[in-house]
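Each remark here refers to the structure printed beneath this line.
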Amino acid sequence: MKKALVIAPNCIGDALMAQPLFALLKARHPRLVIDALAPKGVAPVLARMPEIGRVFPSDLAHGKLQLSARLMFAQQLKNEGYDLGYVLPNSLKAALIPWLAGIPLRVGYRGEARFGMLNVRHANPPRDQRPPMAEHYARLALKPGARLPEDLPEPRLRVDPARVAATAERFGLAPHARVIAFCPGAESGPARRWPAGHFARLAQMLRRSYPYAQMIALGSAKDAEIATEIASEAPFVRNLCGQTSLDDAVDLLALSEAAVCNDSGLMHVTAALNRPQVAVYGSSDPRHAPPLSQAASIMWLQLECSPCFKRECPLGHLRCLKEIEPEMVFVELRKLLHRP
Ligand code: SF4
């Protein structure tokens with residue numbers, strides 16, 4: 001029985017985009033054990049993937065070398081007897097641990113002068129010529145240059161109904177509550193955040209049409225301010241940003257009848273739970289990292305200036321998001337809510 005160690009991406013969305021790689025590896029080598037080393041903020045998502053065995057959460061900070069911590073991890077992993085290492089981030093730092101741990105086959109994309117550290121190297125296309133992220137990662141399951149199968153599996157997370165019910169109860173939601181979730185944050189900056197006022201107007205429309213629905217805002221503590229702004233105009237929206245763990249947020253999204261999300265980690269989580277959602281895109285590009293679910297509806301205006309991939313609008317008007325009117329999202333959401 002062979003064992004593989006995955007060095008996971010640094011953000012939730014990318015970790016989910018990597019799940020088709022794990023599924024492909026399992027389909028080709030059913031007895032392969034796949035473990036993952038992942039940042040603490042990403043580890044809970046990997047722990048819910050059926051393909052993944054053990055998850056080693058790490059405190060390794062993005063962008064920092066932390067050589068002694070990496071040496072310690074490598075020493076610990078040496079004893080696990082891994083045959084293969086899949087290095088998903090492009091950095092040299094990410095390739096260090098499998099190399100220091102003496103894993104014989106180390107697979108990844110070329111980049112940052114890590115030639116010696118990887119010995120199965122795939123050509124890394126320039127950013128603007130890369131296939132969608134899920135395909136990009138999935139190619140690592142094959143020999144360099146080989147063709148991917150046509151239909152890649154979509155990411156899917158495990159959900160425990162008893163745990164979902166317990167989480168709902170802890171947050172004062174009835175187990176059969178009809179919940180609509182808003183995920184108003186986006187780590188990558190304001191140019192990916194639909195305005196708080198738009199969320200609030202949408203909430204008011206939903207309130208009129210679905211008075212029984214319980215609306216909640218989910219996200220990290222960094223998103224609490226935006227959610228407070230939403231709740232100031234729509235006080236019936238419960239602001240749970242910063243009050244849930246990532247696992248709690250996954251449970252509450254699993255319970256939700258529908259969600260409205262910015263291009264963010266929670267958008268990819270909602271897709272991996274196959275919950276209906278409207279995914280709102282601003283400066284980014286849904287062709288690059290779309291929500292991988294048939295239950296998702298994408299709102300993207302594809303203006304002449306987009307995608308610019310900037311954190312803040314370089315033109316100062318943020319038309320790509322402001323011109324997605326709440327009425328437009330409401331119409332999409334209503335279609336999802338009425339779908340059989
Ligand atoms: S330049 Fe265009 S795509 Fe970029 S943030 Fe501004 S409006 Fe959006």
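We label chains A, B, ... in the order they appear in the structure tokens, count residues from 1 in each chain, and number ligands from 1 in the order shown.
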Around ligand 1, at most 8 Å away and counting only C-alpha atoms and all ligand atoms, which residues are there? Put them as an mmCIF file with C-alpha atoms, in the first residue's frame, please.
data_model
loop_
_atom_site.group_PDB
_atom_site.id
_atom_site.type_symbol
_atom_site.label_atom_id
_atom_site.label_comp_id
_atom_site.auth_asym_id
_atom_site.auth_seq_id
_atom_site.Cartn_x
_atom_site.Cartn_y
_atom_site.Cartn_z
ATOM 1 C CA ALA A 191 -12.987 44.560 -5.277
ATOM 2 C CA ARG A 192 -14.460 41.121 -4.628
ATOM 3 C CA GLY A 282 -16.314 41.403 -9.218
ATOM 4 C CA SER A 283 -12.650 41.862 -10.133
ATOM 5 C CA SER A 284 -11.976 38.111 -10.451
ATOM 6 C CA GLN A 302 -17.733 40.781 -17.554
ATOM 7 C CA LEU A 303 -17.158 44.517 -18.102
ATOM 8 C CA GLU A 304 -14.466 45.642 -20.530
ATOM 9 C CA CYS A 305 -12.157 46.298 -17.534
ATOM 10 C CA SER A 306 -12.695 42.869 -15.961
ATOM 11 C CA PRO A 307 -11.194 40.672 -14.766
ATOM 12 C CA CYS A 308 -8.557 43.004 -13.345
ATOM 13 C CA PHE A 309 -7.827 40.726 -10.322
ATOM 14 C CA LYS A 310 -7.080 43.832 -8.211
ATOM 15 C CA ARG A 311 -7.815 44.068 -4.503
ATOM 16 C CA GLU A 312 -9.239 47.566 -4.942
ATOM 17 C CA CYS A 313 -10.837 49.008 -8.038
ATOM 18 C CA PRO A 314 -8.057 50.820 -9.960
ATOM 19 C CA LEU A 315 -10.722 52.922 -11.710
ATOM 20 C CA GLY A 316 -12.349 53.918 -8.440
ATOM 21 C CA HIS A 317 -15.938 53.097 -9.467
ATOM 22 C CA LEU A 318 -16.309 49.350 -8.730
ATOM 23 C CA ARG A 319 -18.947 49.101 -11.441
ATOM 24 C CA CYS A 320 -18.333 45.349 -11.768
ATOM 25 C CA LEU A 321 -20.041 44.861 -8.410
#
Please determine, counting only C-alpha atoms, which residue among A:Glu225, A:Asp59, A:Glu327, A:Glu80 has the shortest atom-to-atom distance to Arg201 (chain A).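 Once distances to Arg201 (chain A) are computed over only C-alpha atoms, the minimum belongs to A:Glu327.
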Using only C-alpha atoms, which of A:Arg139, A:Arg54, A:Arg238, A:Arg170 sits nearest Ala203 (chain A)?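 Smallest separation from Ala203 (chain A) among the options: A:Arg238.
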Write out as a list in words the residues lying within 6 Å of region 206-219 of chain A, counting only C-alpha atoms and excluding same-chain residues fewer than 4 positions away.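 After dropping sequence-adjacent residues, the list is Arg178, Val179, Ile180, Ala181, Phe182, Cys183, Asp223, Val237, Arg238, Asn239, Leu240 and Cys241 of chain A.
The nearest approach to His288 (chain A) among the residues A:Lys335, A:His136, A:Arg106, A:Lys2, with only C-alpha atoms taken into account, belongs to A:His136.
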Please provide the set of residues having any atom within 9 Å of Arg156 (chain A), restricted to only C-alpha atoms, with same-chain residues fewer than 4 positions apart removed, written as a PDB file with all heavy atoms, in the first residue's frame.
ATOM      1  N   LEU A  16     -10.193  23.338  -2.041  1.00  0.00           N
ATOM      2  CA  LEU A  16     -11.351  22.651  -2.633  1.00  0.00           C
ATOM      3  C   LEU A  16     -11.152  22.397  -4.119  1.00  0.00           C
ATOM      4  O   LEU A  16     -11.565  21.360  -4.643  1.00  0.00           O
ATOM      5  CB  LEU A  16     -12.624  23.456  -2.367  1.00  0.00           C
ATOM      6  CG  LEU A  16     -13.109  23.296  -0.922  1.00  0.00           C
ATOM      7  CD1 LEU A  16     -14.038  24.423  -0.511  1.00  0.00           C
ATOM      8  CD2 LEU A  16     -13.793  21.956  -0.736  1.00  0.00           C
ATOM      9  N   GLN A  19      -9.499  19.135  -4.775  1.00  0.00           N
ATOM     10  CA  GLN A  19     -10.130  17.846  -4.463  1.00  0.00           C
ATOM     11  C   GLN A  19     -10.255  16.930  -5.686  1.00  0.00           C
ATOM     12  O   GLN A  19     -10.056  15.714  -5.557  1.00  0.00           O
ATOM     13  CB  GLN A  19     -11.478  18.042  -3.772  1.00  0.00           C
ATOM     14  CG  GLN A  19     -11.894  16.786  -3.039  1.00  0.00           C
ATOM     15  CD  GLN A  19     -13.268  16.871  -2.404  1.00  0.00           C
ATOM     16  OE1 GLN A  19     -13.972  17.878  -2.527  1.00  0.00           O
ATOM     17  NE2 GLN A  19     -13.650  15.810  -1.729  1.00  0.00           N
ATOM     18  N   ARG A  48     -12.755  17.003   5.906  1.00  0.00           N
ATOM     19  CA  ARG A  48     -14.090  16.563   5.461  1.00  0.00           C
ATOM     20  C   ARG A  48     -14.071  15.952   4.070  1.00  0.00           C
ATOM     21  O   ARG A  48     -15.119  15.664   3.507  1.00  0.00           O
ATOM     22  CB  ARG A  48     -15.048  17.752   5.468  1.00  0.00           C
ATOM     23  CG  ARG A  48     -15.465  18.179   6.873  1.00  0.00           C
ATOM     24  CD  ARG A  48     -16.360  19.380   6.767  1.00  0.00           C
ATOM     25  NE  ARG A  48     -16.782  19.880   8.051  1.00  0.00           N
ATOM     26  CZ  ARG A  48     -18.023  19.788   8.522  1.00  0.00           C
ATOM     27  NH1 ARG A  48     -18.955  19.206   7.808  1.00  0.00           N
ATOM     28  NH2 ARG A  48     -18.331  20.295   9.693  1.00  0.00           N
ATOM     29  N   MET A  49     -12.901  15.796   3.489  1.00  0.00           N
ATOM     30  CA  MET A  49     -12.842  15.200   2.147  1.00  0.00           C
ATOM     31  C   MET A  49     -12.693  13.686   2.281  1.00  0.00           C
ATOM     32  O   MET A  49     -11.774  13.215   2.963  1.00  0.00           O
ATOM     33  CB  MET A  49     -11.653  15.768   1.362  1.00  0.00           C
ATOM     34  CG  MET A  49     -11.791  17.236   1.053  1.00  0.00           C
ATOM     35  SD  MET A  49     -10.409  17.788   0.024  1.00  0.00           S
ATOM     36  CE  MET A  49     -10.743  19.552  -0.049  1.00  0.00           C
ATOM     37  N   PRO A  50     -13.559  12.919   1.625  1.00  0.00           N
ATOM     38  CA  PRO A  50     -13.505  11.465   1.789  1.00  0.00           C
ATOM     39  C   PRO A  50     -12.200  10.840   1.298  1.00  0.00           C
ATOM     40  O   PRO A  50     -11.831   9.774   1.762  1.00  0.00           O
ATOM     41  CB  PRO A  50     -14.686  10.966   0.950  1.00  0.00           C
ATOM     42  CG  PRO A  50     -15.191  12.127   0.178  1.00  0.00           C
ATOM     43  CD  PRO A  50     -14.674  13.372   0.789  1.00  0.00           C
ATOM     44  N   VAL A 269     -16.927  26.423  -0.443  1.00  0.00           N
ATOM     45  CA  VAL A 269     -17.491  25.468   0.521  1.00  0.00           C
ATOM     46  C   VAL A 269     -18.955  25.195   0.170  1.00  0.00           C
ATOM     47  O   VAL A 269     -19.395  24.047   0.107  1.00  0.00           O
ATOM     48  CB  VAL A 269     -17.365  26.020   1.969  1.00  0.00           C
ATOM     49  CG1 VAL A 269     -18.211  25.202   2.930  1.00  0.00           C
ATOM     50  CG2 VAL A 269     -15.914  26.039   2.420  1.00  0.00           C
ATOM     51  N   ALA A 271     -20.405  25.428  -2.642  1.00  0.00           N
ATOM     52  CA  ALA A 271     -20.459  24.600  -3.861  1.00  0.00           C
ATOM     53  C   ALA A 271     -20.148  23.141  -3.520  1.00  0.00           C
ATOM     54  O   ALA A 271     -20.827  22.233  -4.007  1.00  0.00           O
ATOM     55  CB  ALA A 271     -19.469  25.124  -4.894  1.00  0.00           C
ATOM     56  N   ALA A 272     -19.158  22.927  -2.656  1.00  0.00           N
ATOM     57  CA  ALA A 272     -18.772  21.561  -2.306  1.00  0.00           C
ATOM     58  C   ALA A 272     -19.827  20.872  -1.446  1.00  0.00           C
ATOM     59  O   ALA A 272     -19.811  19.650  -1.294  1.00  0.00           O
ATOM     60  CB  ALA A 272     -17.425  21.564  -1.589  1.00  0.00           C
ATOM     61  N   LEU A 273     -20.738  21.662  -0.892  1.00  0.00           N
ATOM     62  CA  LEU A 273     -21.872  21.077  -0.159  1.00  0.00           C
ATOM     63  C   LEU A 273     -23.067  20.902  -1.082  1.00  0.00           C
ATOM     64  O   LEU A 273     -24.120  20.413  -0.687  1.00  0.00           O
ATOM     65  CB  LEU A 273     -22.258  21.993   1.017  1.00  0.00           C
ATOM     66  CG  LEU A 273     -21.186  22.131   2.104  1.00  0.00           C
ATOM     67  CD1 LEU A 273     -21.516  23.308   3.026  1.00  0.00           C
ATOM     68  CD2 LEU A 273     -21.072  20.842   2.910  1.00  0.00           C
ATOM     69  N   ASN A 274     -22.893  21.358  -2.319  1.00  0.00           N
ATOM     70  CA  ASN A 274     -23.934  21.289  -3.350  1.00  0.00           C
ATOM     71  C   ASN A 274     -25.208  22.018  -2.929  1.00  0.00           C
ATOM     72  O   ASN A 274     -26.310  21.599  -3.265  1.00  0.00           O
ATOM     73  CB  ASN A 274     -24.237  19.826  -3.713  1.00  0.00           C
ATOM     74  CG  ASN A 274     -24.681  19.707  -5.163  1.00  0.00           C
ATOM     75  OD1 ASN A 274     -24.364  20.561  -5.987  1.00  0.00           O
ATOM     76  ND2 ASN A 274     -25.428  18.670  -5.463  1.00  0.00           N
TER      77      ASN A 274
END
So which residues touch Pro126 (chain A) within 12 Å, counting only C-alpha atoms, skipping near sequence neighbours fewer than 4 positions away, as number ranges by chain? A: 109-111, 130-131, 136
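Neighbouring residues of Leu336 (chain A) at 9 Å or closer, counting only C-alpha atoms and skipping chain neighbours under 5 positions away, are A:Ala258, A:Pro276, A:Gln277, A:Val278, A:Ala295, A:Ala296, A:Ser297, A:Val331.
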